[in-house]
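Dumped entry.csv below, it's CSV, C-alpha atoms (C1' of nucleotides):
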```csv
chain,number,residue,atom,x,y,z
A,222,MET,CA,-40.7,2.7,-10.9
A,223,ALA,CA,-42.9,5.2,-9.1
A,224,VAL,CA,-45.2,7.4,-11.1
A,225,LYS,CA,-44.4,11.0,-10.4
A,226,LYS,CA,-47.5,12.7,-8.9
A,227,THR,CA,-48.1,16.2,-10.3
A,228,LYS,CA,-49.8,19.0,-8.3
A,229,LEU,CA,-52.8,18.6,-10.5
A,230,ASP,CA,-52.9,14.9,-9.6
A,231,GLU,CA,-52.8,15.9,-5.9
A,232,MET,CA,-55.6,18.4,-6.4
A,233,GLU,CA,-57.8,15.8,-8.0
A,234,THR,CA,-57.0,13.4,-5.2
A,235,VAL,CA,-57.8,15.9,-2.4
A,236,PHE,CA,-61.1,17.0,-3.9
A,237,ALA,CA,-62.1,13.4,-4.7
A,238,ALA,CA,-61.5,12.6,-1.0
A,239,LEU,CA,-63.7,15.6,0.0
A,240,ALA,CA,-66.5,14.6,-2.5
A,241,ASP,CA,-68.2,12.3,-0.1
A,242,GLN,CA,-70.6,13.1,2.7
A,243,THR,CA,-69.4,10.4,5.1
A,244,ARG,CA,-65.9,11.6,4.7
A,245,LEU,CA,-66.9,15.2,5.3
A,246,ARG,CA,-68.6,14.1,8.5
A,247,LEU,CA,-65.5,12.3,9.6
A,248,LEU,CA,-63.3,15.3,9.0
A,249,ASN,CA,-65.8,17.4,11.0
A,250,LEU,CA,-65.5,15.1,14.0
A,251,MET,CA,-61.7,15.1,14.0
A,252,ARG,CA,-61.5,18.8,13.5
A,253,ASP,CA,-59.9,19.5,16.9
A,254,GLU,CA,-57.8,16.4,17.3
A,255,GLU,CA,-57.5,12.7,16.6
A,256,VAL,CA,-60.4,10.4,17.4
A,257,CYS,CA,-60.6,6.7,17.9
A,258,VAL,CA,-62.5,4.7,15.2
A,259,CYS,CA,-65.1,3.4,17.6
A,260,PHE,CA,-66.2,7.0,18.4
A,261,PHE,CA,-66.7,7.7,14.7
A,262,THR,CA,-68.8,4.6,14.3
A,263,GLU,CA,-70.8,5.4,17.4
A,264,VAL,CA,-71.5,9.1,16.8
A,265,LEU,CA,-72.1,8.8,13.0
A,266,ASN,CA,-74.2,5.7,13.6
A,267,GLU,CA,-72.7,4.0,10.6
A,268,SER,CA,-71.3,0.5,10.1
A,269,GLN,CA,-67.8,-0.2,11.2
A,270,PRO,CA,-66.6,-1.4,7.8
A,271,LYS,CA,-68.0,1.7,6.1
A,272,ILE,CA,-66.3,4.0,8.5
A,273,SER,CA,-63.0,2.0,8.2
A,274,ARG,CA,-63.1,2.2,4.5
A,275,HIS,CA,-63.7,5.9,4.3
A,276,LEU,CA,-60.9,6.6,6.9
A,277,ALA,CA,-58.6,4.5,4.8
A,278,TYR,CA,-59.5,6.6,1.8
A,279,LEU,CA,-58.7,9.8,3.6
A,280,ARG,CA,-55.5,8.4,4.8
A,281,LYS,CA,-54.5,7.3,1.3
A,282,ALA,CA,-55.3,10.7,0.0
A,283,GLY,CA,-52.9,12.1,2.6
A,284,LEU,CA,-55.5,14.2,4.5
A,285,VAL,CA,-55.4,12.2,7.7
A,286,ASP,CA,-52.9,10.1,9.7
A,287,SER,CA,-53.6,7.1,11.8
A,288,ARG,CA,-51.9,5.9,15.0
A,289,ARG,CA,-52.5,2.5,16.7
A,290,GLU,CA,-52.6,2.3,20.5
A,291,GLY,CA,-53.0,-1.3,21.4
A,292,LYS,CA,-56.4,-2.4,20.1
A,293,TRP,CA,-57.4,1.1,19.3
A,294,VAL,CA,-56.7,3.1,16.2
A,295,HIS,CA,-56.9,6.9,16.1
A,296,TYR,CA,-57.4,9.1,13.1
A,297,GLY,CA,-56.6,12.8,13.0
A,298,ILE,CA,-56.0,15.5,10.4
A,299,SER,CA,-52.5,15.3,9.0
A,300,ASP,CA,-50.0,17.9,10.1
A,301,ARG,CA,-47.9,17.3,7.1
A,302,LEU,CA,-50.3,18.8,4.5
A,303,ASP,CA,-49.2,20.9,1.5
A,304,PRO,CA,-50.0,24.5,2.5
A,305,MET,CA,-52.5,24.8,-0.3
A,306,ALA,CA,-54.3,21.6,0.7
A,307,ARG,CA,-54.2,22.8,4.3
A,308,THR,CA,-55.9,26.0,3.3
A,309,VAL,CA,-58.6,24.2,1.4
A,310,LEU,CA,-59.1,21.8,4.4
A,311,ASP,CA,-59.5,24.8,6.7
A,312,ASN,CA,-62.2,26.1,4.3
A,313,VAL,CA,-63.9,22.8,4.5
A,314,LEU,CA,-63.9,22.7,8.3
A,315,GLU,CA,-65.2,26.2,8.4
A,316,TRP,CA,-68.0,25.4,6.0
A,317,LEU,CA,-68.9,22.3,8.0
A,318,GLY,CA,-68.8,24.3,11.2
A,319,SER,CA,-71.3,26.7,9.8
A,320,GLN,CA,-73.9,23.9,9.5
A,321,GLU,CA,-76.1,23.2,12.5
A,322,VAL,CA,-76.3,19.5,11.7
A,323,MET,CA,-72.5,19.2,11.7
A,324,THR,CA,-72.1,21.2,14.9
A,325,ARG,CA,-74.6,18.9,16.5
A,326,GLU,CA,-72.7,15.8,15.4
A,327,HIS,CA,-69.5,17.2,16.9
A,328,GLU,CA,-71.3,17.9,20.1
A,329,GLU,CA,-72.4,14.3,20.2
A,330,LEU,CA,-68.8,13.4,20.1
A,331,VAL,CA,-68.1,15.7,23.0
A,332,ALA,CA,-71.0,14.2,24.8
A,333,ALA,CA,-69.8,10.7,24.1
A,334,CYS,CA,-66.5,11.6,25.7
A,335,CYS,CA,-68.0,13.2,28.8
A,336,SER,CA,-70.9,10.9,29.5
A,337,LEU,CA,-70.5,8.1,32.0
A,338,ASP,CA,-73.4,6.2,30.4
A,339,VAL,CA,-72.1,5.1,27.0
A,340,PRO,CA,-72.4,1.9,24.9
A,341,VAL,CA,-69.9,-0.8,25.8
A,342,THR,CA,-68.4,-0.4,22.4
A,343,ILE,CA,-66.8,2.9,23.4
A,344,ALA,CA,-66.9,2.7,27.2
A,345,ARG,CA,-63.3,1.6,27.4
A,346,ALA,CA,-62.0,3.3,24.4
A,347,PRO,CA,-59.3,6.0,24.7
A,348,LYS,CA,-61.0,9.4,24.5
A,349,PRO,CA,-59.6,12.4,22.6
A,350,GLU,CA,-57.4,14.3,25.1
A,351,ALA,CA,-58.7,17.8,24.4
A,352,LEU,CA,-62.3,16.7,24.9
A,353,VAL,CA,-61.5,14.8,28.1
A,354,GLU,CA,-59.8,17.9,29.5
A,355,ARG,CA,-62.9,19.8,28.7
A,356,GLU,CA,-64.8,17.3,30.8
A,357,GLU,CA,-62.5,17.9,33.8
A,358,ILE,CA,-62.9,21.7,33.4
A,359,ALA,CA,-66.6,21.6,32.9
A,360,ARG,CA,-67.6,19.0,35.4
A,361,PRO,CA,-65.4,18.5,38.4
A,362,LYS,CA,-65.9,15.0,39.7
A,363,PRO,CA,-67.7,15.0,43.1
A,364,GLU,CA,-66.6,11.4,44.0
A,365,PRO,CA,-62.9,12.2,44.9
A,366,GLU,CA,-63.9,14.8,47.4
A,367,ILE,CA,-66.5,12.6,49.0
A,368,GLU,CA,-64.0,9.8,49.4
A,369,THR,CA,-61.4,12.2,50.9
A,370,TYR,CA,-64.0,13.5,53.4
A,371,LEU,CA,-64.9,10.0,54.5
A,372,LEU,CA,-61.2,9.2,55.0
B,106,MET,CA,-91.7,18.0,-5.8
B,107,ALA,CA,-88.2,19.4,-5.5
B,108,VAL,CA,-85.7,17.5,-3.2
B,109,LYS,CA,-84.4,19.9,-0.7
B,110,LYS,CA,-80.6,20.2,-1.1
B,111,THR,CA,-78.7,20.4,2.2
B,112,LYS,CA,-75.4,22.2,2.7
B,113,LEU,CA,-73.7,18.9,2.9
B,114,ASP,CA,-75.2,17.9,-0.4
B,115,GLU,CA,-73.8,21.2,-1.8
B,116,MET,CA,-70.4,20.5,-0.4
B,117,GLU,CA,-70.3,17.1,-2.0
B,118,THR,CA,-71.5,18.6,-5.3
B,119,VAL,CA,-68.8,21.3,-5.3
B,120,PHE,CA,-65.9,19.0,-4.5
B,121,ALA,CA,-67.1,16.4,-7.0
B,122,ALA,CA,-67.0,19.1,-9.6
B,123,LEU,CA,-63.5,20.0,-8.6
B,124,ALA,CA,-62.3,16.4,-8.5
B,125,ASP,CA,-61.4,16.2,-12.2
B,126,GLN,CA,-58.3,17.6,-13.9
B,127,THR,CA,-60.0,18.7,-17.0
B,128,ARG,CA,-62.4,20.7,-15.0
B,129,LEU,CA,-59.6,22.2,-12.9
B,130,ARG,CA,-57.9,23.3,-16.1
B,131,LEU,CA,-61.1,24.9,-17.4
B,132,LEU,CA,-61.5,26.9,-14.2
B,133,ASN,CA,-57.9,28.0,-14.5
B,134,LEU,CA,-58.5,29.4,-17.9
B,135,MET,CA,-61.7,31.3,-16.9
B,136,ARG,CA,-60.1,32.7,-13.7
B,137,ASP,CA,-60.1,36.3,-14.9
B,138,GLU,CA,-63.3,36.4,-16.9
B,139,GLU,CA,-65.6,34.4,-19.2
B,140,VAL,CA,-64.1,32.5,-22.1
B,141,CYS,CA,-65.6,31.1,-25.3
B,142,VAL,CA,-65.9,27.3,-25.6
B,143,CYS,CA,-63.7,27.3,-28.7
B,144,PHE,CA,-60.8,28.8,-26.8
B,145,PHE,CA,-61.0,26.2,-24.2
B,146,THR,CA,-61.0,23.5,-26.8
B,147,GLU,CA,-58.0,25.1,-28.6
B,148,VAL,CA,-55.8,25.9,-25.6
B,149,LEU,CA,-56.4,22.6,-23.7
B,150,ASN,CA,-56.1,20.7,-27.0
B,151,GLU,CA,-59.0,18.4,-26.0
B,152,SER,CA,-62.0,17.2,-28.0
B,153,GLN,CA,-65.0,19.6,-28.3
B,154,PRO,CA,-67.5,17.1,-26.8
B,155,LYS,CA,-65.2,16.4,-23.9
B,156,ILE,CA,-64.9,20.1,-23.1
B,157,SER,CA,-68.6,20.7,-23.6
B,158,ARG,CA,-69.5,17.9,-21.2
B,159,HIS,CA,-67.2,19.1,-18.5
B,160,LEU,CA,-68.4,22.7,-18.8
B,161,ALA,CA,-71.9,21.4,-18.5
B,162,TYR,CA,-70.9,19.6,-15.3
B,163,LEU,CA,-69.4,22.8,-13.8
B,164,ARG,CA,-72.6,24.7,-14.8
B,165,LYS,CA,-74.8,22.1,-13.2
B,166,ALA,CA,-72.8,22.2,-10.1
B,167,GLY,CA,-73.3,25.9,-9.9
B,168,LEU,CA,-69.7,26.9,-10.2
B,169,VAL,CA,-69.9,28.5,-13.6
B,170,ASP,CA,-72.5,30.3,-15.7
B,171,SER,CA,-72.9,30.3,-19.5
B,172,ARG,CA,-74.0,33.0,-21.9
B,173,ARG,CA,-74.7,32.6,-25.6
B,174,GLU,CA,-73.7,35.3,-28.1
B,175,GLY,CA,-74.9,34.2,-31.5
B,176,LYS,CA,-73.1,31.0,-32.4
B,177,TRP,CA,-70.7,31.4,-29.6
B,178,VAL,CA,-71.1,30.4,-26.0
B,179,HIS,CA,-69.0,31.8,-23.1
B,180,TYR,CA,-68.4,30.2,-19.8
B,181,GLY,CA,-67.3,32.1,-16.7
B,182,ILE,CA,-67.1,31.6,-13.0
B,183,SER,CA,-70.4,32.3,-11.3
B,184,ASP,CA,-70.9,35.5,-9.4
B,185,ARG,CA,-73.7,34.0,-7.4
B,186,LEU,CA,-71.7,31.5,-5.4
B,187,ASP,CA,-72.3,30.7,-1.8
B,188,PRO,CA,-69.6,32.6,0.2
B,189,MET,CA,-68.1,29.4,1.5
B,190,ALA,CA,-68.0,27.9,-2.0
B,191,ARG,CA,-66.5,31.2,-3.2
B,192,THR,CA,-63.8,31.0,-0.7
B,193,VAL,CA,-62.9,27.4,-1.7
B,194,LEU,CA,-62.9,28.3,-5.3
B,195,ASP,CA,-60.6,31.3,-4.7
B,196,ASN,CA,-58.2,29.0,-3.0
B,197,VAL,CA,-58.5,26.5,-5.8
B,198,LEU,CA,-57.5,29.2,-8.3
B,199,GLU,CA,-54.6,30.2,-6.2
B,200,TRP,CA,-53.5,26.6,-5.9
B,201,LEU,CA,-53.7,26.3,-9.7
B,202,GLY,CA,-51.9,29.6,-10.2
B,203,SER,CA,-49.0,28.3,-8.2
B,204,GLN,CA,-48.4,25.6,-10.8
B,205,GLU,CA,-46.1,26.4,-13.7
B,206,VAL,CA,-48.1,24.1,-16.0
B,207,MET,CA,-51.3,25.9,-15.2
B,208,THR,CA,-49.7,29.3,-15.6
B,209,ARG,CA,-48.5,28.3,-19.0
B,210,GLU,CA,-51.9,27.2,-20.1
B,211,HIS,CA,-53.3,30.5,-19.1
B,212,GLU,CA,-50.6,32.3,-21.0
B,213,GLU,CA,-51.5,30.2,-24.0
B,214,LEU,CA,-55.0,31.6,-23.7
B,215,VAL,CA,-53.7,35.1,-23.6
B,216,ALA,CA,-51.5,34.3,-26.6
B,217,ALA,CA,-54.4,32.9,-28.5
B,218,CYS,CA,-56.3,36.1,-27.9
B,219,CYS,CA,-53.4,38.3,-28.9
B,220,SER,CA,-52.0,36.4,-31.8
B,221,LEU,CA,-53.0,37.2,-35.4
B,222,ASP,CA,-52.0,33.8,-36.6
B,223,VAL,CA,-54.5,31.4,-35.1
B,224,PRO,CA,-56.4,28.4,-36.2
B,225,VAL,CA,-59.6,29.2,-38.2
B,226,THR,CA,-61.6,27.5,-35.4
B,227,ILE,CA,-61.0,30.5,-33.1
B,228,ALA,CA,-60.0,33.2,-35.6
B,229,ARG,CA,-63.4,34.7,-35.7
B,230,ALA,CA,-64.5,33.9,-32.1
B,231,PRO,CA,-65.2,36.6,-29.6
B,232,LYS,CA,-62.2,37.1,-27.4
B,233,PRO,CA,-62.3,37.7,-23.6
B,234,GLU,CA,-62.5,41.4,-23.2
B,235,ALA,CA,-59.9,41.8,-20.4
B,236,LEU,CA,-57.4,39.8,-22.4
B,237,VAL,CA,-58.1,41.8,-25.5
B,238,GLU,CA,-57.5,45.0,-23.6
B,239,ARG,CA,-54.3,43.6,-22.4
B,240,GLU,CA,-53.3,43.1,-26.0
B,241,GLU,CA,-54.0,46.8,-26.8
B,242,ILE,CA,-52.0,47.9,-23.8
B,243,ALA,CA,-49.1,45.5,-24.2
B,244,ARG,CA,-48.8,45.5,-28.0
B,245,PRO,CA,-49.9,48.6,-29.9
B,246,LYS,CA,-50.8,47.5,-33.4
B,247,PRO,CA,-48.3,48.8,-36.0
B,248,GLU,CA,-50.6,48.1,-39.0
B,249,PRO,CA,-53.0,51.0,-38.4
B,250,GLU,CA,-50.2,53.5,-38.3
B,251,ILE,CA,-48.6,52.1,-41.4
B,252,GLU,CA,-52.0,52.2,-43.2
B,253,THR,CA,-52.6,55.7,-42.0
B,254,TYR,CA,-49.2,56.8,-43.2
B,255,LEU,CA,-49.9,55.3,-46.6
B,256,LEU,CA,-53.1,57.1,-46.8
C,50,DA,C1',-84.5,26.2,-47.7
C,51,DA,C1',-79.9,24.5,-47.8
C,52,DT,C1',-75.4,24.9,-46.0
C,53,DT,C1',-72.0,26.2,-42.8
C,54,DC,C1',-70.4,26.9,-38.3
C,55,DA,C1',-70.4,26.2,-33.1
C,56,DT,C1',-71.8,23.7,-29.4
C,57,DA,C1',-74.7,20.3,-26.9
C,58,DT,C1',-76.1,15.7,-26.3
C,59,DA,C1',-76.6,10.5,-27.3
C,60,DC,C1',-74.5,6.0,-27.3
C,61,DG,C1',-71.6,2.3,-26.0
C,62,DT,C1',-67.7,1.0,-23.2
C,63,DA,C1',-64.5,0.8,-19.4
C,64,DT,C1',-63.3,2.1,-14.9
C,65,DA,C1',-64.1,3.9,-10.3
C,66,DA,C1',-66.6,4.2,-6.2
C,67,DA,C1',-70.1,3.4,-2.5
C,68,DC,C1',-72.4,-0.2,0.1
C,69,DA,C1',-73.9,-4.4,2.9
C,70,DT,C1',-72.3,-8.6,4.3
C,71,DA,C1',-68.7,-11.7,5.4
C,72,DT,C1',-64.3,-12.6,6.9
C,73,DA,C1',-59.4,-11.7,7.9
C,74,DT,C1',-56.0,-9.4,10.7
C,75,DG,C1',-54.0,-7.4,14.9
C,76,DT,C1',-53.9,-6.7,19.9
C,77,DT,C1',-55.0,-8.0,24.5
C,78,DA,C1',-56.7,-10.8,28.2
C,79,DA,C1',-57.6,-15.1,30.4
D,244,DT,C1',-53.2,-21.4,23.3
D,245,DT,C1',-57.8,-19.8,23.1
D,246,DA,C1',-61.1,-16.3,23.3
D,247,DA,C1',-62.5,-11.6,23.1
D,248,DC,C1',-62.2,-7.2,21.3
D,249,DA,C1',-61.2,-3.6,17.6
D,250,DT,C1',-60.3,-2.7,13.1
D,251,DA,C1',-59.1,-3.7,8.3
D,252,DT,C1',-60.1,-6.0,4.1
D,253,DA,C1',-62.6,-9.1,0.7
D,254,DT,C1',-66.6,-10.1,-2.0
D,255,DG,C1',-70.5,-9.3,-4.9
D,256,DT,C1',-73.7,-5.7,-6.5
D,257,DT,C1',-75.2,-1.3,-7.9
D,258,DT,C1',-74.5,3.3,-9.4
D,259,DA,C1',-71.7,7.1,-11.1
D,260,DT,C1',-68.3,8.9,-14.1
D,261,DA,C1',-65.0,9.8,-17.9
D,262,DC,C1',-64.2,9.1,-22.7
D,263,DG,C1',-64.3,8.5,-28.0
D,264,DT,C1',-67.3,8.5,-31.6
D,265,DA,C1',-71.5,9.9,-33.7
D,266,DT,C1',-75.2,12.8,-34.0
D,267,DA,C1',-78.5,16.4,-32.7
D,268,DT,C1',-79.4,21.2,-31.9
D,269,DG,C1',-78.9,26.2,-32.4
D,270,DA,C1',-77.4,30.3,-34.9
D,271,DA,C1',-75.8,32.6,-39.0
D,272,DT,C1',-75.0,32.8,-43.9
D,273,DT,C1',-76.0,32.0,-48.7
```
If you convert what's in this file into structure tokens, what do you get?
Amino acid sequence: MAVKKTKLDEMETVFAALADQTRLRLLNLMRDEEVCVCFFTEVLNESQPKISRHLAYLRKAGLVDSRREGKWVHYGISDRLDPMARTVLDNVLEWLGSQEVMTREHEELVAACCSLDVPVTIARAPKPEALVEREEIARPKPEPEIETYLL
Amino acid sequence: MAVKKTKLDEMETVFAALADQTRLRLLNLMRDEEVCVCFFTEVLNESQPKISRHLAYLRKAGLVDSRREGKWVHYGISDRLDPMARTVLDNVLEWLGSQEVMTREHEELVAACCSLDVPVTIARAPKPEALVEREEIARPKPEPEIETYLL
DNA sequence: AATTCATATACGTATAAACATATATGTTAA
DNA sequence: TTAACATATATGTTTATACGTATATGAATT
């Protein structure tokens, strides 16, 4: 016997999910696309259980979806949101994006994806595709050309 | 020694304020203009202390302002909101307005302002101006004409 | 000044939520 | 099968929050 969830219930749920700074920071990082848990943990410099718990909260609230890829789990903003919730979430991301501190954290994520010198915890983790592409565009790898020349 | 409030703090505060159904219902009623506390209590059919407490929460969060007029106190949406918060709140009101239950509650407020047969608790309370004007436009009073005719 | 009316706040209780630490669970490699 | 890696969940503690009931506070009337 499922309890019917009203729109007001949904509103309360969505705003409760947004009423926490750690969760806002998580949403900021996954603004462009899904991100692996280990990257959240690394960039936000928070404990793994804490990050995991907040991600679970966001998922239960319906704001994000998760996908497992072997040992790795990715979280991204849900593409099945109620239009109203989607609008509010867009507002949130814009508000976050207007803050230098949040912009900097997102840049740290980008840096973590592009840098070759990263902690072992994320060294082998699957990187967000869009950010990896940015790497290839911004920094063409010199190694392949050198090797080809030697051959 | 005031603690400096960051934008992330403000976001958390705003969304925490929105994360309660009673408070959402209150915002819905004051969407057009300020409303006297007694009308909130009457229309939402909730206890006075409960209403008062939630209004205080909204005021502390900066979403609403209050104004005393003798024995009566009016609450309305603040006109000094951060633009980002304002955008979110506008979308909240739109989300609320899309719900039949919320539309009906707002209509109850209008009815309470226009009806001549109301509980003594709000019979003498100052009515929201915009809604009163709507009364004059929508329902011209027949009594004044009858009285004038008798005279 | 006492009384009435309108609203704010106090008090006690129950529930929810955030957190650090510990541990369980799921996947992969050896 | 065991061990390593990545993530989810359990546990105990602290803090915040919502609520009903009671009371205090502020304004107006008598």
Query raised in the report: Skipping near chain neighbours, those fewer than 3 positions away, what residues fall within 12 Å of range 56-70 of chain C using only C-alpha atoms (C1' of nucleotides), listed as number ranges by chain?
Result: A: 237-238, 240-244, 267-272, 274-275, 278; B: 141-143, 146, 152-161, 171, 173-179; D: 253-270
For the residues selected in the previous step, produce a file with C-alpha atoms (C1' of nucleotides) as a PDB file, in the frame of the given file.
```pdb
ATOM      1  CA  ALA A 237     -62.100  13.400  -4.700  1.00  0.00           C
ATOM      2  CA  ALA A 238     -61.500  12.600  -1.000  1.00  0.00           C
ATOM      3  CA  ALA A 240     -66.500  14.600  -2.500  1.00  0.00           C
ATOM      4  CA  ASP A 241     -68.200  12.300  -0.100  1.00  0.00           C
ATOM      5  CA  GLN A 242     -70.600  13.100   2.700  1.00  0.00           C
ATOM      6  CA  THR A 243     -69.400  10.400   5.100  1.00  0.00           C
ATOM      7  CA  ARG A 244     -65.900  11.600   4.700  1.00  0.00           C
ATOM      8  CA  GLU A 267     -72.700   4.000  10.600  1.00  0.00           C
ATOM      9  CA  SER A 268     -71.300   0.500  10.100  1.00  0.00           C
ATOM     10  CA  GLN A 269     -67.800  -0.200  11.200  1.00  0.00           C
ATOM     11  CA  PRO A 270     -66.600  -1.400   7.800  1.00  0.00           C
ATOM     12  CA  LYS A 271     -68.000   1.700   6.100  1.00  0.00           C
ATOM     13  CA  ILE A 272     -66.300   4.000   8.500  1.00  0.00           C
ATOM     14  CA  ARG A 274     -63.100   2.200   4.500  1.00  0.00           C
ATOM     15  CA  HIS A 275     -63.700   5.900   4.300  1.00  0.00           C
ATOM     16  CA  TYR A 278     -59.500   6.600   1.800  1.00  0.00           C
TER      17      TYR A 278
ATOM     18  CA  CYS B 141     -65.600  31.100 -25.300  1.00  0.00           C
ATOM     19  CA  VAL B 142     -65.900  27.300 -25.600  1.00  0.00           C
ATOM     20  CA  CYS B 143     -63.700  27.300 -28.700  1.00  0.00           C
ATOM     21  CA  THR B 146     -61.000  23.500 -26.800  1.00  0.00           C
ATOM     22  CA  SER B 152     -62.000  17.200 -28.000  1.00  0.00           C
ATOM     23  CA  GLN B 153     -65.000  19.600 -28.300  1.00  0.00           C
ATOM     24  CA  PRO B 154     -67.500  17.100 -26.800  1.00  0.00           C
ATOM     25  CA  LYS B 155     -65.200  16.400 -23.900  1.00  0.00           C
ATOM     26  CA  ILE B 156     -64.900  20.100 -23.100  1.00  0.00           C
ATOM     27  CA  SER B 157     -68.600  20.700 -23.600  1.00  0.00           C
ATOM     28  CA  ARG B 158     -69.500  17.900 -21.200  1.00  0.00           C
ATOM     29  CA  HIS B 159     -67.200  19.100 -18.500  1.00  0.00           C
ATOM     30  CA  LEU B 160     -68.400  22.700 -18.800  1.00  0.00           C
ATOM     31  CA  ALA B 161     -71.900  21.400 -18.500  1.00  0.00           C
ATOM     32  CA  SER B 171     -72.900  30.300 -19.500  1.00  0.00           C
ATOM     33  CA  ARG B 173     -74.700  32.600 -25.600  1.00  0.00           C
ATOM     34  CA  GLU B 174     -73.700  35.300 -28.100  1.00  0.00           C
ATOM     35  CA  GLY B 175     -74.900  34.200 -31.500  1.00  0.00           C
ATOM     36  CA  LYS B 176     -73.100  31.000 -32.400  1.00  0.00           C
ATOM     37  CA  TRP B 177     -70.700  31.400 -29.600  1.00  0.00           C
ATOM     38  CA  VAL B 178     -71.100  30.400 -26.000  1.00  0.00           C
ATOM     39  CA  HIS B 179     -69.000  31.800 -23.100  1.00  0.00           C
TER      40      HIS B 179
ATOM     41  C1'  DA D 253     -62.600  -9.100   0.700  1.00  0.00           C
ATOM     42  C1'  DT D 254     -66.600 -10.100  -2.000  1.00  0.00           C
ATOM     43  C1'  DG D 255     -70.500  -9.300  -4.900  1.00  0.00           C
ATOM     44  C1'  DT D 256     -73.700  -5.700  -6.500  1.00  0.00           C
ATOM     45  C1'  DT D 257     -75.200  -1.300  -7.900  1.00  0.00           C
ATOM     46  C1'  DT D 258     -74.500   3.300  -9.400  1.00  0.00           C
ATOM     47  C1'  DA D 259     -71.700   7.100 -11.100  1.00  0.00           C
ATOM     48  C1'  DT D 260     -68.300   8.900 -14.100  1.00  0.00           C
ATOM     49  C1'  DA D 261     -65.000   9.800 -17.900  1.00  0.00           C
ATOM     50  C1'  DC D 262     -64.200   9.100 -22.700  1.00  0.00           C
ATOM     51  C1'  DG D 263     -64.300   8.500 -28.000  1.00  0.00           C
ATOM     52  C1'  DT D 264     -67.300   8.500 -31.600  1.00  0.00           C
ATOM     53  C1'  DA D 265     -71.500   9.900 -33.700  1.00  0.00           C
ATOM     54  C1'  DT D 266     -75.200  12.800 -34.000  1.00  0.00           C
ATOM     55  C1'  DA D 267     -78.500  16.400 -32.700  1.00  0.00           C
ATOM     56  C1'  DT D 268     -79.400  21.200 -31.900  1.00  0.00           C
ATOM     57  C1'  DG D 269     -78.900  26.200 -32.400  1.00  0.00           C
ATOM     58  C1'  DA D 270     -77.400  30.300 -34.900  1.00  0.00           C
TER      59       DA D 270
END
```
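Between CA of Phe236 in chain A and CA of Ser299 in chain A lies a distance of 15.6 Å.
You will find CA of Thr192 in chain B at 19.9 Å from CA of Lys228 in chain A.
Separating CA of His327 in chain A from CA of Glu255 in chain A is a distance of 12.8 Å.
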Chain D near chain A within 8 Å: what's each residue's closest atom pair and its distance in Å to one decimal, counting only C-alpha atoms (C1' of nucleotides), ordered by chain then ascending residue number, as a Markdown table?
```
| residue | atom | partner | partner_atom | distance |
| --- | --- | --- | --- | --- |
| D:DC248 | C1' | A:Lys292 | CA | 7.6 |
| D:DA249 | C1' | A:Lys292 | CA | 5.5 |
| D:DT250 | C1' | A:Ser273 | CA | 7.3 |
| D:DA251 | C1' | A:Ser273 | CA | 6.9 |
```
Query - Interface residues on chain A facing chain B, 12 Å, only C-alpha atoms, written as a count of residues only - result: 42
Query - Residues of chain C within 8 Å of chain A, counting only C-alpha atoms (C1' of nucleotides), as a VMD selection string - result: chain C and resid 68 75 to 77
Selection to disk with C-alpha atoms (C1' of nucleotides), as a compact mmCIF listing (two decimals), in the coordinates of the input:
```txt
# COMPACT_ATOMS: atom_id res chain seq x y z
C1' DC C 68 -72.40 -0.20 0.10
C1' DG C 75 -54.00 -7.40 14.90
C1' DT C 76 -53.90 -6.70 19.90
C1' DT C 77 -55.00 -8.00 24.50
```
